[in-house]
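As provided, protein18.csv (CSV, C-alpha atoms and all ligand atoms) reads as follows.
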chain,number,residue,atom,x,y,z
R,98,MET,CA,-2.3,-14.2,-17.4
R,99,ALA,CA,-3.3,-10.5,-17.3
R,100,VAL,CA,-0.7,-8.1,-16.0
R,101,GLN,CA,-1.7,-6.0,-13.0
R,102,ILE,CA,0.1,-3.0,-11.5
R,103,SER,CA,-0.1,-2.2,-7.8
R,104,PRO,CA,1.6,1.1,-7.0
R,105,SER,CA,3.0,1.2,-3.5
R,106,ILE,CA,1.9,4.3,-1.5
R,107,LEU,CA,5.0,3.8,0.7
R,108,ALA,CA,6.7,6.0,-1.9
R,109,ALA,CA,3.8,8.5,-2.0
R,110,ASP,CA,3.3,11.7,0.2
R,111,PHE,CA,1.7,10.4,3.4
R,112,ALA,CA,0.3,13.8,4.1
R,113,ARG,CA,-1.7,13.7,0.8
R,114,LEU,CA,-2.8,10.0,0.5
R,115,ALA,CA,-6.2,10.7,-1.1
R,116,ASP,CA,-4.5,12.8,-3.9
R,117,GLU,CA,-1.8,10.3,-4.3
R,118,ALA,CA,-4.4,7.5,-4.8
R,119,ALA,CA,-6.1,9.7,-7.3
R,120,ALA,CA,-2.9,10.3,-9.1
R,121,VAL,CA,-2.9,6.7,-10.5
R,122,PRO,CA,-6.4,6.1,-11.8
R,123,ASN,CA,-5.0,3.5,-14.2
R,124,ALA,CA,-3.7,1.3,-11.4
R,125,ASP,CA,-5.3,-2.1,-10.7
R,126,TRP,CA,-4.6,-1.9,-7.0
R,127,LEU,CA,-3.1,0.4,-4.4
R,128,HIS,CA,-0.4,-1.5,-2.5
R,129,VAL,CA,-0.5,-0.5,1.2
R,130,ASP,CA,2.6,-1.5,3.2
R,131,VAL,CA,1.8,-2.1,6.9
R,132,MET,CA,5.0,-2.2,9.1
R,133,ASP,CA,5.2,-2.5,12.8
R,134,TYR,CA,8.9,-2.0,14.0
R,135,HIS,CA,9.0,-5.7,14.9
R,136,PHE,CA,8.8,-7.9,11.8
R,137,VAL,CA,10.7,-5.2,10.0
R,138,PRO,CA,12.8,-2.3,11.3
R,139,ASN,CA,10.3,0.4,10.1
R,140,LEU,CA,6.9,1.7,11.1
R,141,THR,CA,4.4,3.0,8.6
R,142,LEU,CA,0.6,2.9,9.0
R,143,GLY,CA,-2.2,0.7,10.3
R,144,LEU,CA,-5.9,0.1,10.4
R,145,PRO,CA,-7.2,3.7,10.8
R,146,VAL,CA,-5.3,4.8,7.7
R,147,VAL,CA,-6.5,1.8,5.7
R,148,GLU,CA,-10.1,2.6,6.7
R,149,ALA,CA,-9.7,6.3,5.7
R,150,LEU,CA,-8.0,5.4,2.4
R,151,ARG,CA,-10.8,2.9,1.7
R,152,LYS,CA,-13.3,5.7,1.8
R,153,ALA,CA,-11.1,8.1,-0.2
R,154,THR,CA,-10.6,5.8,-3.3
R,155,ALA,CA,-12.4,3.3,-5.4
R,156,THR,CA,-9.2,1.5,-6.3
R,157,PRO,CA,-9.0,-1.7,-4.3
R,158,LEU,CA,-6.4,-1.9,-1.5
R,159,ASP,CA,-3.7,-4.5,-1.6
R,160,CYS,CA,-2.6,-4.7,2.0
R,161,HIS,CA,0.9,-6.2,2.6
R,162,LEU,CA,1.3,-6.9,6.3
R,163,MET,CA,4.9,-6.8,7.4
R,164,ILE,CA,3.9,-7.3,11.0
R,165,ALA,CA,4.9,-9.7,13.8
R,166,ASP,CA,1.5,-11.2,14.6
R,167,PRO,CA,-0.6,-11.4,11.4
R,168,ASP,CA,-2.8,-14.1,12.9
R,169,ARG,CA,-4.1,-11.5,15.3
R,170,TRP,CA,-4.4,-8.5,13.1
R,171,ALA,CA,-4.9,-9.6,9.5
R,172,PRO,CA,-8.7,-10.3,9.6
R,173,GLN,CA,-9.3,-6.7,10.7
R,174,TYR,CA,-7.8,-5.5,7.4
R,175,ALA,CA,-10.2,-7.6,5.5
R,176,GLU,CA,-13.0,-6.3,7.7
R,177,ALA,CA,-11.9,-2.7,6.9
R,178,GLY,CA,-12.5,-3.4,3.3
R,179,ALA,CA,-9.1,-4.3,1.8
R,180,GLY,CA,-9.5,-6.2,-1.4
R,181,SER,CA,-6.5,-8.3,-0.7
R,182,VAL,CA,-4.7,-9.1,2.5
R,183,THR,CA,-1.2,-10.6,2.4
R,184,ILE,CA,0.5,-12.1,5.5
R,185,HIS,CA,4.2,-13.2,5.7
R,186,ALA,CA,4.9,-16.9,6.0
R,187,GLU,CA,7.8,-16.2,8.3
R,188,ALA,CA,5.5,-14.4,10.8
R,189,ALA,CA,2.3,-16.4,10.8
R,190,LYS,CA,1.9,-19.1,13.4
R,191,ALA,CA,-1.5,-20.4,12.2
R,192,PRO,CA,-1.5,-19.5,8.5
R,193,ILE,CA,-4.3,-21.8,7.4
R,194,ARG,CA,-6.7,-20.4,10.0
R,195,THR,CA,-5.7,-16.8,9.2
R,196,LEU,CA,-5.9,-17.2,5.4
R,197,ARG,CA,-9.3,-18.8,5.8
R,198,GLU,CA,-10.5,-15.9,8.0
R,199,ILE,CA,-9.3,-13.4,5.4
R,200,ARG,CA,-11.3,-15.1,2.7
R,201,LEU,CA,-14.4,-15.6,4.8
R,202,LEU,CA,-14.4,-11.8,5.4
R,203,GLY,CA,-14.5,-11.3,1.6
R,204,ALA,CA,-10.9,-10.4,0.8
R,205,ARG,CA,-8.3,-12.2,-1.4
R,206,ALA,CA,-5.7,-14.0,0.8
R,207,GLY,CA,-2.0,-13.6,0.0
R,208,LEU,CA,1.1,-15.3,1.4
R,209,ALA,CA,4.4,-13.4,1.2
R,210,LEU,CA,7.9,-14.9,1.2
R,211,ASN,CA,11.1,-13.1,2.0
R,212,PRO,CA,13.9,-13.4,-0.5
R,213,ALA,CA,15.6,-16.2,1.4
R,214,THR,CA,12.4,-18.2,2.0
R,215,ALA,CA,11.8,-21.1,-0.3
R,216,VAL,CA,8.4,-21.5,-1.9
R,217,GLU,CA,8.3,-25.3,-2.0
R,218,PRO,CA,7.5,-25.8,1.7
R,219,TYR,CA,4.4,-23.7,1.3
R,220,GLU,CA,2.9,-25.7,-1.6
R,221,ALA,CA,0.5,-27.3,0.9
R,222,LEU,CA,-1.0,-23.8,1.6
R,223,PHE,CA,-1.8,-23.2,-2.1
R,224,PRO,CA,-5.5,-24.3,-1.8
R,225,GLU,CA,-5.8,-21.5,0.9
R,226,ILE,CA,-4.4,-18.6,-1.1
R,227,ASP,CA,-5.3,-16.4,-4.0
R,228,MET,CA,-1.8,-14.8,-4.4
R,229,VAL,CA,1.8,-15.6,-3.5
R,230,LEU,CA,4.0,-12.5,-3.0
R,231,LEU,CA,7.7,-13.0,-3.7
R,232,MET,CA,9.8,-10.2,-2.1
R,233,THR,CA,12.5,-9.1,-4.5
R,234,VAL,CA,14.2,-7.0,-1.7
R,235,GLU,CA,14.4,-7.5,2.0
R,236,PRO,CA,11.2,-6.1,3.3
R,237,GLY,CA,11.1,-2.8,5.3
R,238,PHE,CA,12.0,0.0,2.9
R,239,GLY,CA,11.2,1.3,-0.5
R,240,GLY,CA,13.9,2.3,-3.1
R,241,GLN,CA,16.1,-0.8,-2.7
R,242,LYS,CA,17.9,-2.6,-5.5
R,243,PHE,CA,16.1,-5.5,-7.1
R,244,LEU,CA,17.5,-8.9,-6.1
R,245,ASP,CA,18.1,-10.9,-9.2
R,246,GLY,CA,18.7,-14.0,-7.1
R,247,VAL,CA,14.9,-14.3,-6.6
R,248,LEU,CA,14.2,-14.8,-10.3
R,249,PRO,CA,14.6,-18.7,-10.2
R,250,LYS,CA,12.1,-18.7,-7.3
R,251,ILE,CA,9.6,-16.8,-9.4
R,252,ARG,CA,9.9,-19.5,-12.1
R,253,ARG,CA,9.4,-22.2,-9.5
R,254,ALA,CA,6.4,-20.5,-8.0
R,255,ARG,CA,4.9,-20.1,-11.4
R,256,GLU,CA,5.4,-23.8,-12.1
R,257,LEU,CA,3.8,-24.8,-8.8
R,258,VAL,CA,0.9,-22.4,-9.5
R,259,GLN,CA,0.3,-23.9,-12.9
R,260,ARG,CA,0.3,-27.4,-11.3
R,261,HIS,CA,-2.4,-26.2,-9.0
R,262,GLY,CA,-4.6,-24.9,-11.9
R,263,GLY,CA,-3.1,-21.5,-12.5
R,264,ARG,CA,-5.7,-19.6,-10.4
R,265,ILE,CA,-3.2,-18.1,-7.9
R,266,TRP,CA,-1.6,-14.7,-8.8
R,267,VAL,CA,2.2,-14.3,-8.5
R,268,GLN,CA,3.1,-10.9,-7.2
R,269,VAL,CA,6.6,-9.4,-7.0
R,270,ASP,CA,7.5,-6.5,-4.7
R,271,GLY,CA,10.7,-4.5,-4.3
R,272,GLY,CA,13.0,-2.8,-6.9
R,273,VAL,CA,10.4,-3.3,-9.7
R,274,ASP,CA,11.0,-0.7,-12.4
R,275,ALA,CA,10.9,-0.3,-16.1
R,276,GLU,CA,14.1,-2.3,-16.4
R,277,THR,CA,13.5,-5.2,-13.9
R,278,ILE,CA,9.8,-5.7,-14.6
R,279,GLY,CA,10.4,-7.6,-17.8
R,280,ARG,CA,12.6,-10.2,-16.2
R,281,CYS,CA,9.9,-10.7,-13.5
R,282,ALA,CA,7.1,-11.1,-16.1
R,283,GLU,CA,9.2,-13.4,-18.2
R,284,ALA,CA,9.8,-15.6,-15.1
R,285,GLY,CA,6.1,-15.8,-14.5
R,286,ALA,CA,5.0,-12.9,-12.2
R,287,ASP,CA,1.7,-11.3,-13.1
R,288,VAL,CA,1.1,-8.7,-10.4
R,289,PHE,CA,3.7,-6.0,-10.0
R,290,VAL,CA,4.2,-3.7,-7.0
R,291,ALA,CA,6.1,-0.5,-7.7
R,292,GLY,CA,6.8,2.3,-5.3
R,293,SER,CA,9.6,4.6,-6.4
R,294,ALA,CA,9.1,3.7,-10.1
R,295,VAL,CA,5.6,5.1,-9.9
R,296,TYR,CA,5.6,7.8,-7.3
R,297,GLY,CA,9.1,8.9,-8.0
R,298,ALA,CA,8.2,9.5,-11.6
R,299,SER,CA,7.2,13.0,-12.8
R,300,ASP,CA,4.1,11.4,-14.5
R,301,PRO,CA,2.8,8.5,-12.4
R,302,VAL,CA,0.1,7.7,-14.9
R,303,ALA,CA,2.6,7.3,-17.7
R,304,ALA,CA,4.8,5.3,-15.3
R,305,VAL,CA,2.0,2.8,-14.6
R,306,ASP,CA,1.2,2.5,-18.4
R,307,GLY,CA,4.9,2.0,-19.1
R,308,LEU,CA,5.3,-0.7,-16.5
R,309,ARG,CA,2.2,-2.5,-17.8
R,310,ALA,CA,3.4,-2.3,-21.4
R,311,ALA,CA,6.9,-3.7,-20.5
R,312,ALA,CA,5.4,-6.5,-18.4
R,313,THR,CA,2.9,-7.4,-21.1
R,314,ARG,CA,5.6,-7.5,-23.8
R,315,ALA,CA,7.8,-9.8,-21.7
R,316,SER,CA,5.0,-12.2,-20.6
R,317,THR,CA,3.6,-12.8,-24.1
A,1,LIG,C1,9.2,-3.0,0.9
A,1,LIG,C2,7.7,-2.9,0.5
A,1,LIG,C3,7.5,-2.5,-0.9
A,1,LIG,C4,8.1,-1.1,-1.3
A,1,LIG,C5,8.5,-1.2,-2.7
A,1,LIG,O1,9.3,-3.6,2.1
A,1,LIG,O2,7.0,-4.1,0.7
A,1,LIG,O3,6.1,-2.6,-1.2
A,1,LIG,O4,7.1,-0.1,-1.2
A,1,LIG,O5,9.2,0.0,-3.0
A,1,LIG,P1,10.1,0.1,-4.3
A,1,LIG,O6,9.2,-0.2,-5.5
A,1,LIG,O7,10.5,1.5,-4.3
A,1,LIG,O8,11.2,-0.9,-4.2
A,2,ZN,ZN,5.0,-4.3,-0.1
Is it possible to give me this structure as C-alpha cells?
Amino acid sequence: MAVQISPSILAADFARLADEAAAVPNADWLHVDVMDYHFVPNLTLGLPVVEALRKATATPLDCHLMIADPDRWAPQYAEAGAGSVTIHAEAAKAPIRTLREIRLLGARAGLALNPATAVEPYEALFPEIDMVLLMTVEPGFGGQKFLDGVLPKIRRARELVQRHGGRIWVQVDGGVDAETIGRCAEAGADVFVAGSAVYGASDPVAAVDGLRAAATRAST
C-alpha cells in the first residue's frame, strides 16, 4: 500500500494557481475542491479553472466535487482531463451510472462520505469505484480540526476494501497534518489530502516529504 499525498489547492493562493501547483513537484496529485454553495456553504471553482489548471501542470488532478448534482456535472470533470473524480454519496442520485461514466471517460472514480455517513451501506458500490474518500472534517472549509471519531470508520473501510481485493484506495481529507496523518495511516488510509499543512507551511516541498515519511512510518 503505497502512500500518496494530494495537496489541496483550497489552501493555496487562487491568484497564482500555476505557481502553487509548481510549488509541490513531489506531490502525487493536486486535490481540487469544487464547491457550489448548495451541497456545502462555500463556493470555490469549477470546470474552467480545472481546464486551465490541467494545462498548467503535469501533476494529475484529484477533483473532489462537493456539489449538489454530481450526476449532472461529474462526467465533465473527467472529460476536462481530471485523473480522479470523486462524488459525494450524500448528493448522488444515480451513483452507479455516474461512477461508470467517470471511468468510461478515463478517470478514476471516487466516492466520498461525510463524517456521519457510514461506509457499510456503500459496499455494494465497491466494484464501481477506485477510491473511497472519508471526510475527517465536515466538508466546506479548509483549516478545520481533524475529527478523531472517523478513525474507526477508516479501519472498517480498509477491512471492506481488503475483502474486495485491496484494489480501492482509501483517502482521508480534512485536518490531516504531521500529527494526525500517522493515525490515519495506521487505521488503513493510503491517500492523504492536506491543505493548510502543505500550503500553510513555509516550505511546501518539505511539508509533502514530511507527511509522506510520517504516513509511511505509521503504515509499515
Ligand atoms: C474541505 C476540503 C478539504 C480541505 C482540506 O471541505 O474537502 O480538501 O481543503 O483542508 P485542510 O487540510 O486544511 O483541512
Ligand atoms: Zn477535499
Produce as JSON, numbers by chain the set of residues near ligand ZN 2 (chain A), where near means within 10 Å with only C-alpha atoms and all ligand atoms considered. {"R": [103, 104, 105, 106, 107, 128, 129, 130, 131, 132, 159, 160, 161, 162, 163, 183, 209, 230, 231, 232, 233, 234, 236, 237, 238, 239, 268, 269, 270, 271, 290, 291, 292]}
Take the residues from that selection and put them in a file with C-alpha atoms, as a JSON list (two decimals), in the coordinates of the input.
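selection11.json written:
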[["chain", "number", "residue", "atom", "x", "y", "z"],
["R", 103, "SER", "CA", -0.10, -2.20, -7.80],
["R", 104, "PRO", "CA", 1.60, 1.10, -7.00],
["R", 105, "SER", "CA", 3.00, 1.20, -3.50],
["R", 106, "ILE", "CA", 1.90, 4.30, -1.50],
["R", 107, "LEU", "CA", 5.00, 3.80, 0.70],
["R", 128, "HIS", "CA", -0.40, -1.50, -2.50],
["R", 129, "VAL", "CA", -0.50, -0.50, 1.20],
["R", 130, "ASP", "CA", 2.60, -1.50, 3.20],
["R", 131, "VAL", "CA", 1.80, -2.10, 6.90],
["R", 132, "MET", "CA", 5.00, -2.20, 9.10],
["R", 159, "ASP", "CA", -3.70, -4.50, -1.60],
["R", 160, "CYS", "CA", -2.60, -4.70, 2.00],
["R", 161, "HIS", "CA", 0.90, -6.20, 2.60],
["R", 162, "LEU", "CA", 1.30, -6.90, 6.30],
["R", 163, "MET", "CA", 4.90, -6.80, 7.40],
["R", 183, "THR", "CA", -1.20, -10.60, 2.40],
["R", 209, "ALA", "CA", 4.40, -13.40, 1.20],
["R", 230, "LEU", "CA", 4.00, -12.50, -3.00],
["R", 231, "LEU", "CA", 7.70, -13.00, -3.70],
["R", 232, "MET", "CA", 9.80, -10.20, -2.10],
["R", 233, "THR", "CA", 12.50, -9.10, -4.50],
["R", 234, "VAL", "CA", 14.20, -7.00, -1.70],
["R", 236, "PRO", "CA", 11.20, -6.10, 3.30],
["R", 237, "GLY", "CA", 11.10, -2.80, 5.30],
["R", 238, "PHE", "CA", 12.00, 0.00, 2.90],
["R", 239, "GLY", "CA", 11.20, 1.30, -0.50],
["R", 268, "GLN", "CA", 3.10, -10.90, -7.20],
["R", 269, "VAL", "CA", 6.60, -9.40, -7.00],
["R", 270, "ASP", "CA", 7.50, -6.50, -4.70],
["R", 271, "GLY", "CA", 10.70, -4.50, -4.30],
["R", 290, "VAL", "CA", 4.20, -3.70, -7.00],
["R", 291, "ALA", "CA", 6.10, -0.50, -7.70],
["R", 292, "GLY", "CA", 6.80, 2.30, -5.30]]
If you count all atoms listed in the file, which residues fall within 12 Å of R:Arg169, apart from same-chain ones fewer than 4 positions away, as number ranges by chain? R: 162, 164-165, 173-174, 184, 188-192, 194-196, 198-199
Preceding selection exported with C-alpha atoms as a PDB file, keeping the file's coordinate frame:
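In the end it all went to result.pdb:
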ATOM      1  CA  LEU R 162       1.300  -6.900   6.300  1.00  0.00           C
ATOM      2  CA  ILE R 164       3.900  -7.300  11.000  1.00  0.00           C
ATOM      3  CA  ALA R 165       4.900  -9.700  13.800  1.00  0.00           C
ATOM      4  CA  GLN R 173      -9.300  -6.700  10.700  1.00  0.00           C
ATOM      5  CA  TYR R 174      -7.800  -5.500   7.400  1.00  0.00           C
ATOM      6  CA  ILE R 184       0.500 -12.100   5.500  1.00  0.00           C
ATOM      7  CA  ALA R 188       5.500 -14.400  10.800  1.00  0.00           C
ATOM      8  CA  ALA R 189       2.300 -16.400  10.800  1.00  0.00           C
ATOM      9  CA  LYS R 190       1.900 -19.100  13.400  1.00  0.00           C
ATOM     10  CA  ALA R 191      -1.500 -20.400  12.200  1.00  0.00           C
ATOM     11  CA  PRO R 192      -1.500 -19.500   8.500  1.00  0.00           C
ATOM     12  CA  ARG R 194      -6.700 -20.400  10.000  1.00  0.00           C
ATOM     13  CA  THR R 195      -5.700 -16.800   9.200  1.00  0.00           C
ATOM     14  CA  LEU R 196      -5.900 -17.200   5.400  1.00  0.00           C
ATOM     15  CA  GLU R 198     -10.500 -15.900   8.000  1.00  0.00           C
ATOM     16  CA  ILE R 199      -9.300 -13.400   5.400  1.00  0.00           C
TER      17      ILE R 199
END
Neighbour list for stretch 216-222 of chain R as a list of chain:residue names, cut-off 8 Å, all atoms listed in the file, skip fewer than 6 positions in-chain: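 Using all atoms listed in the file, the neighbours found are R:Ile193, R:Leu210, R:Lys250, R:Arg253, R:Ala254, R:Leu257.
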Do you know which residues are at most 12 Å from R:Trp266 counting only C-alpha atoms, after dropping those on the same chain fewer than 2 positions away, and could you put them as a ChimeraX atom specification? /R:98-101,181,183,205-209,223,226-231,251,254-259,261-264,268-269,282,285-289
With distances taken over only C-alpha atoms, which of R:Ala124, R:Ile278, R:Val273, R:Ala149 is nearest to R:Ser293? R:Val273
Given only C-alpha atoms and all ligand atoms as the basis, pick out the residue of R:Ala298, R:Ile265, R:Ala153, R:Ala171 nearest to ligand LIG 1 (chain A). R:Ala298
For atom CA of R:Thr277 and atom CA of R:Leu150, determine how far apart the two atoms are, in Å to one decimal place.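 Computing it gives 29.0 Å between the two atoms.
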From the list R:Pro301, R:Gly240, R:Pro138, R:Pro224, which residue is nearest ligand LIG 1 (chain A) when using only C-alpha atoms and all ligand atoms? R:Gly240
Near R:Asp116, counting all atoms listed in the file, which residues have an atom at most 10 Å away, once you skip same-chain residues fewer than 6 positions from it, shown as number ranges by chain? R: 109-110, 153-154
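Separating atom CA of R:Ala311 from atom CA of R:Thr156 is a distance of 22.1 Å.
Atom CA of R:Gly203 is found 16.3 Å from atom CA of R:Ala155.
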Between R:Ala175, R:Ala108, R:Arg151, R:Asp166, which is the closest to R:Tyr134 once you count only C-alpha atoms?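 Of all the options, R:Asp166 lies closest to R:Tyr134.
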Tell me which of R:Thr141, R:Asn123, R:Ser316, R:Gln241 sits closest to ligand LIG 1 (chain A), counting all atoms listed in the file. R:Gln241
Of the candidates R:Lys242, R:Lys152, R:His135, R:Arg113, which shows the shortest atom-to-atom distance to ligand LIG 1 (chain A), using only C-alpha atoms and all ligand atoms? R:Lys242
If you count all atoms listed in the file, which residues fall within 7 Å of R:Gly279, apart from same-chain ones fewer than 4 positions away, as an MDAnalysis selection string? chainID R and resid 283 311:312 315
